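Enquirer: Structure in structure tokens, see below.
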Amino acid sequence: MNAQKISPVECAVGCQRRAAGFTLIELLVVIAIIALLIGILLPALGKARDASRQVKCLSNARQLVLGQLLYSNDNKQWLPPNATGSDEYWFDVPRMGQYIEGGEFEAIGTGASATNPQANECGDKKATVGGSVMICPSAVGDQARSYSMNFWASSYTSMDCATRQISRPGGSNPPATQQDRSWNADADFPSKLLLTAEAWVLSPGNSPTGQTRWYTNSTIGPQGNPFTRFGGGVGVTDMGSLSPSNRPAEITVPTRAYLPYYRHPRRNDNFQAIRGGAVIGFLDGHVDVKSPQQILNQTTQRLSGDVLWSPFNLNFLNTP
């Protein structure tokens, strides 16, 4: 059968019809559908990204906790020190540097010993572990260390470099009634004891590339009582001394809790509000995101018992 031929006149009319584009109504319908899909997908993508950041933050904290526990295995169950005078801290290369894989060596001190990974002399600044595993991706700003160690878990918090005499958190012979005392890896309630947690970045320092980055203090928890440290009641004032011109991006006003709850889920304003969650690593090796509602009972002004600074926080537990 011969194919039907189309005359030039018919093609001029029919082909023109077939070549016509979308009508205005059809374009508006397509644009509306695309806008609707974007409106549905963007929140889901934001939640997925936040979940990914949280997983990475938890993984980093777990590596740090396991590194501290490995350190304790080699040091008669004592955890790393955080000592003034002798410049010995848990994140120094001679301590945690040998137990953490993937950490970057950052010399943030001054002097020849600061750049020497083997430096371990009393009073010398050492190269520290920063970057990579030390950073929580949920944190705001250019951070090089996002985590701090519990002050009360430190094996010692000062050393006299002349006599080599050390001081433990709370004193070497604290009274039995003291709520916070030094403890080691053999302490009671290991699943409740905060070992390492997210903290505020309070100190600027120069990275190896010369760029200013922000670091947490070595410890959290020396001030206040077990309840106020988590932001209960009047809170704490450790962060209140920073001048407005010398504050990192996440601290717009003085904060009253040691934990930066804004990070989980991450929010980009009102950083100091006591709501949200923070990553905490515990003495038994597990990590979790804890909210202030899980940690505190604002009505009774007590701890719920989920997280403790010290196994001696009994008078601050929310008991019936």
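We name chains A, B, ... following the order of the structure tokens; residues begin at 1 in each chain, and ligands are numbered from 1 as shown.
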For A:Val201, list every protein, DNA or RNA residue within 10 Å, evaluated using only C-alpha atoms, and leave out those in the same chain fewer than 4 positions away; present the list as a PyMOL selection string.
Expert: chain A and resi 139-148+213-217+239+247-251+260
Enquirer: Can you build me a table of stretch 44-131 of chain A residues sitting at most 12 Å from stretch 219-230 of chain A, with the closest atom pair per residue and its distance in Å to one decimal, using only C-alpha atoms, sorted by chain and residue number, as JSON lines?
Expert:
{"residue": "A:Pro80", "atom": "CA", "partner": "A:Thr219", "partner_atom": "CA", "distance": 11.1}
{"residue": "A:Pro81", "atom": "CA", "partner": "A:Thr219", "partner_atom": "CA", "distance": 10.0}
{"residue": "A:Asn82", "atom": "CA", "partner": "A:Thr219", "partner_atom": "CA", "distance": 7.3}
{"residue": "A:Ala83", "atom": "CA", "partner": "A:Thr219", "partner_atom": "CA", "distance": 10.2}
{"residue": "A:Thr84", "atom": "CA", "partner": "A:Thr219", "partner_atom": "CA", "distance": 11.6}
{"residue": "A:Tyr89", "atom": "CA", "partner": "A:Thr219", "partner_atom": "CA", "distance": 9.0}
{"residue": "A:Trp90", "atom": "CA", "partner": "A:Thr219", "partner_atom": "CA", "distance": 9.0}
{"residue": "A:Phe91", "atom": "CA", "partner": "A:Thr219", "partner_atom": "CA", "distance": 10.5}
Enquirer: Please list as a ChimeraX atom specification every residue within 8 Å of stretch 183-187 of chain A, counting only C-alpha atoms and excluding residues in the same chain fewer than 4 positions away.
Expert: /A:69,72,77-79,152-155,283,310-311
Enquirer: Would you save the residues from that selection as a compact mmCIF listing (two decimals), in the first residue's frame, using C-alpha atoms?
Expert:
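Result file is out_7.txt:
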# COMPACT_ATOMS: atom_id res chain seq x y z
CA LEU A 69 39.24 4.13 77.59
CA SER A 72 42.96 4.18 80.86
CA GLN A 77 42.44 2.83 84.92
CA TRP A 78 43.20 6.54 85.22
CA LEU A 79 41.82 8.66 82.41
CA TRP A 152 35.74 15.23 87.22
CA ALA A 153 37.04 12.36 85.06
CA SER A 154 40.51 13.95 84.76
CA SER A 155 43.21 11.93 86.48
CA LEU A 283 32.13 5.77 80.48
CA SER A 310 30.22 12.05 89.11
CA PRO A 311 29.03 8.80 90.72
Enquirer: How far is it from atom CA of A:Ile33 to atom CA of A:Ala48, in Å with one decimal?
Expert: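 It comes out at 22.6 Å.
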Enquirer: Could you pull the residues within 7 Å of stretch 125-136 of chain A, counting only C-alpha atoms, minus those fewer than 6 positions along the same chain, as number ranges by chain?
Expert: A: 57, 60, 87, 91-93, 97, 102-109, 113-117, 119, 143-147
Enquirer: Give me, as number ranges by chain, the residues of stretch 70-195 of chain A that a backbone DSSP run labels alpha helix (DSSP H).
Expert: A: 70-73
Enquirer: Please produce a file of those selected residues containing C-alpha atoms, as a PDB file, in the first residue's frame.
Expert:
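Output (again11.pdb):
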ATOM      1  CA  LEU A  70      42.234   2.619  75.774  1.00  0.00           C
ATOM      2  CA  TYR A  71      44.388   5.231  77.495  1.00  0.00           C
ATOM      3  CA  SER A  72      42.963   4.175  80.864  1.00  0.00           C
ATOM      4  CA  ASN A  73      43.797   0.537  80.134  1.00  0.00           C
TER       5      ASN A  73
END
Enquirer: So the first atom is atom CA of A:His286 and the second is atom CA of A:Ser304; what is the distance between them in Å, to one decimal place?
Expert: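 If I compute the distance from atom CA of A:His286 to atom CA of A:Ser304, I get 18.6 Å.
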Enquirer: Point out the residue among A:Lys290, A:Arg275, A:Arg267, A:Arg62 with the least atom-to-atom distance to A:Val307, counting only C-alpha atoms.
Expert: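 For A:Val307, the nearest of the candidates is A:Lys290.
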Enquirer: Ranking A:Gln272, A:Gly67, A:Val29, A:Leu193 by minimum distance to A:Gly231 and counting only C-alpha atoms, which one comes first?
Expert: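 Comparing A:Gln272, A:Gly67, A:Val29, A:Leu193 against A:Gly231, the winner is A:Gln272.
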Enquirer: Would you pick out the contacts of A:Val287 at 8 Å or less, using only C-alpha atoms, so that residues sharing its chain but fewer than 3 positions from it are not included, and give the list as JSON, numbers by chain?
Expert: {"A": [58, 61, 62, 279, 280, 281, 282]}
Enquirer: Mind checking DSSP for stretch 59-274 of chain A and telling me the strand (DSSP E) residues as a PyMOL selection string?
Expert: chain A and resi 104-106+128-130+147-150+158-159+166-167+194-198+201-206+212-216+219-220
Enquirer: Could the residues in this selection be saved with N, CA and C atoms as an mmCIF file, in the first residue's frame?
Expert:
data_model
loop_
_atom_site.group_PDB
_atom_site.id
_atom_site.type_symbol
_atom_site.label_atom_id
_atom_site.label_comp_id
_atom_site.auth_asym_id
_atom_site.auth_seq_id
_atom_site.Cartn_x
_atom_site.Cartn_y
_atom_site.Cartn_z
ATOM 1 N N GLU A 104 44.032 15.104 63.089
ATOM 2 C CA GLU A 104 45.067 15.952 62.517
ATOM 3 C C GLU A 104 45.916 16.518 63.644
ATOM 4 N N PHE A 105 47.200 16.590 63.445
ATOM 5 C CA PHE A 105 48.076 17.194 64.443
ATOM 6 C C PHE A 105 48.095 18.699 64.215
ATOM 7 N N GLU A 106 47.733 19.450 65.259
ATOM 8 C CA GLU A 106 47.686 20.898 65.148
ATOM 9 C C GLU A 106 48.499 21.521 66.269
ATOM 10 N N THR A 128 48.710 19.174 69.471
ATOM 11 C CA THR A 128 47.426 18.620 69.884
ATOM 12 C C THR A 128 46.719 17.968 68.706
ATOM 13 N N VAL A 129 45.743 17.121 69.033
ATOM 14 C CA VAL A 129 44.908 16.521 68.001
ATOM 15 C C VAL A 129 43.732 17.452 67.752
ATOM 16 N N GLY A 130 43.543 17.859 66.522
ATOM 17 C CA GLY A 130 42.432 18.735 66.165
ATOM 18 C C GLY A 130 41.883 18.335 64.819
ATOM 19 N N TYR A 147 34.514 19.063 71.129
ATOM 20 C CA TYR A 147 34.218 18.217 72.288
ATOM 21 C C TYR A 147 35.143 18.562 73.459
ATOM 22 N N SER A 148 34.654 18.316 74.664
ATOM 23 C CA SER A 148 35.452 18.497 75.878
ATOM 24 C C SER A 148 35.269 17.288 76.786
ATOM 25 N N MET A 149 36.213 17.124 77.692
ATOM 26 C CA MET A 149 36.186 16.018 78.646
ATOM 27 C C MET A 149 35.580 16.485 79.970
ATOM 28 N N ASN A 150 34.936 15.587 80.675
ATOM 29 C CA ASN A 150 34.387 15.889 81.995
ATOM 30 C C ASN A 150 35.525 16.218 82.956
ATOM 31 N N SER A 158 46.088 19.601 88.007
ATOM 32 C CA SER A 158 47.252 20.477 88.117
ATOM 33 C C SER A 158 48.444 19.646 88.559
ATOM 34 N N MET A 159 49.625 20.116 88.177
ATOM 35 C CA MET A 159 50.859 19.472 88.610
ATOM 36 C C MET A 159 51.916 20.529 88.860
ATOM 37 N N ILE A 166 50.664 16.251 92.217
ATOM 38 C CA ILE A 166 49.452 16.480 91.428
ATOM 39 C C ILE A 166 48.265 16.772 92.333
ATOM 40 N N SER A 167 47.243 17.393 91.735
ATOM 41 C CA SER A 167 45.982 17.650 92.431
ATOM 42 C C SER A 167 44.859 17.033 91.616
ATOM 43 N N LEU A 194 29.046 10.920 82.332
ATOM 44 C CA LEU A 194 29.501 11.695 81.192
ATOM 45 C C LEU A 194 31.026 11.688 81.171
ATOM 46 N N LEU A 195 31.599 11.189 80.079
ATOM 47 C CA LEU A 195 33.050 11.187 79.932
ATOM 48 C C LEU A 195 33.496 12.294 78.974
ATOM 49 N N THR A 196 32.868 12.358 77.814
ATOM 50 C CA THR A 196 33.179 13.385 76.816
ATOM 51 C C THR A 196 31.877 13.860 76.189
ATOM 52 N N ALA A 197 31.771 15.143 75.932
ATOM 53 C CA ALA A 197 30.535 15.673 75.345
ATOM 54 C C ALA A 197 30.838 16.874 74.468
ATOM 55 N N GLU A 198 29.852 17.244 73.667
ATOM 56 C CA GLU A 198 29.969 18.479 72.902
ATOM 57 C C GLU A 198 30.046 19.656 73.869
ATOM 58 N N VAL A 201 32.760 26.386 71.868
ATOM 59 C CA VAL A 201 34.121 26.771 71.485
ATOM 60 C C VAL A 201 34.404 28.143 72.084
ATOM 61 N N LEU A 202 35.430 28.221 72.885
ATOM 62 C CA LEU A 202 35.704 29.439 73.649
ATOM 63 C C LEU A 202 37.068 30.043 73.367
ATOM 64 N N SER A 203 37.929 29.317 72.651
ATOM 65 C CA SER A 203 39.301 29.786 72.464
ATOM 66 C C SER A 203 39.675 29.829 70.989
ATOM 67 N N PRO A 204 40.081 30.998 70.487
ATOM 68 C CA PRO A 204 40.572 31.051 69.111
ATOM 69 C C PRO A 204 42.012 30.581 69.047
ATOM 70 N N GLY A 205 42.375 29.967 67.955
ATOM 71 C CA GLY A 205 43.745 29.512 67.758
ATOM 72 C C GLY A 205 44.049 29.442 66.281
ATOM 73 N N ASN A 206 45.322 29.381 65.952
ATOM 74 C CA ASN A 206 45.725 29.315 64.560
ATOM 75 C C ASN A 206 45.998 27.871 64.166
ATOM 76 N N THR A 212 42.499 31.259 61.557
ATOM 77 C CA THR A 212 41.937 31.282 62.902
ATOM 78 C C THR A 212 40.761 30.318 62.978
ATOM 79 N N ARG A 213 40.835 29.399 63.929
ATOM 80 C CA ARG A 213 39.760 28.446 64.142
ATOM 81 C C ARG A 213 39.439 28.432 65.637
ATOM 82 N N TRP A 214 38.318 27.803 65.983
ATOM 83 C CA TRP A 214 37.835 27.856 67.357
ATOM 84 C C TRP A 214 37.911 26.487 68.018
ATOM 85 N N TYR A 215 38.289 26.509 69.309
ATOM 86 C CA TYR A 215 38.522 25.288 70.071
ATOM 87 C C TYR A 215 37.724 25.316 71.379
ATOM 88 N N THR A 216 37.288 24.151 71.799
ATOM 89 C CA THR A 216 36.683 24.036 73.119
ATOM 90 C C THR A 216 37.757 24.093 74.191
ATOM 91 N N THR A 219 38.099 20.958 79.436
ATOM 92 C CA THR A 219 37.101 20.293 80.272
ATOM 93 C C THR A 219 35.815 21.106 80.379
ATOM 94 N N ILE A 220 34.762 20.420 80.789
ATOM 95 C CA ILE A 220 33.500 21.052 81.167
ATOM 96 C C ILE A 220 33.092 20.512 82.531
#
Enquirer: Which residue, A:Leu296, A:Ala199, A:Arg181, A:Phe312, has the smallest gap to A:Arg168 when you use only C-alpha atoms?
Expert: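 The shortest atom-to-atom distance to A:Arg168 comes from A:Arg181.
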Enquirer: List as a VMD selection string the protein and nucleic acid residues near A:Gln178, meaning an atom at most 9 Å away when only C-alpha atoms are counted, but skip any in the same chain fewer than 4 places from it.
Expert: chain A and resid 170 174 312 to 313
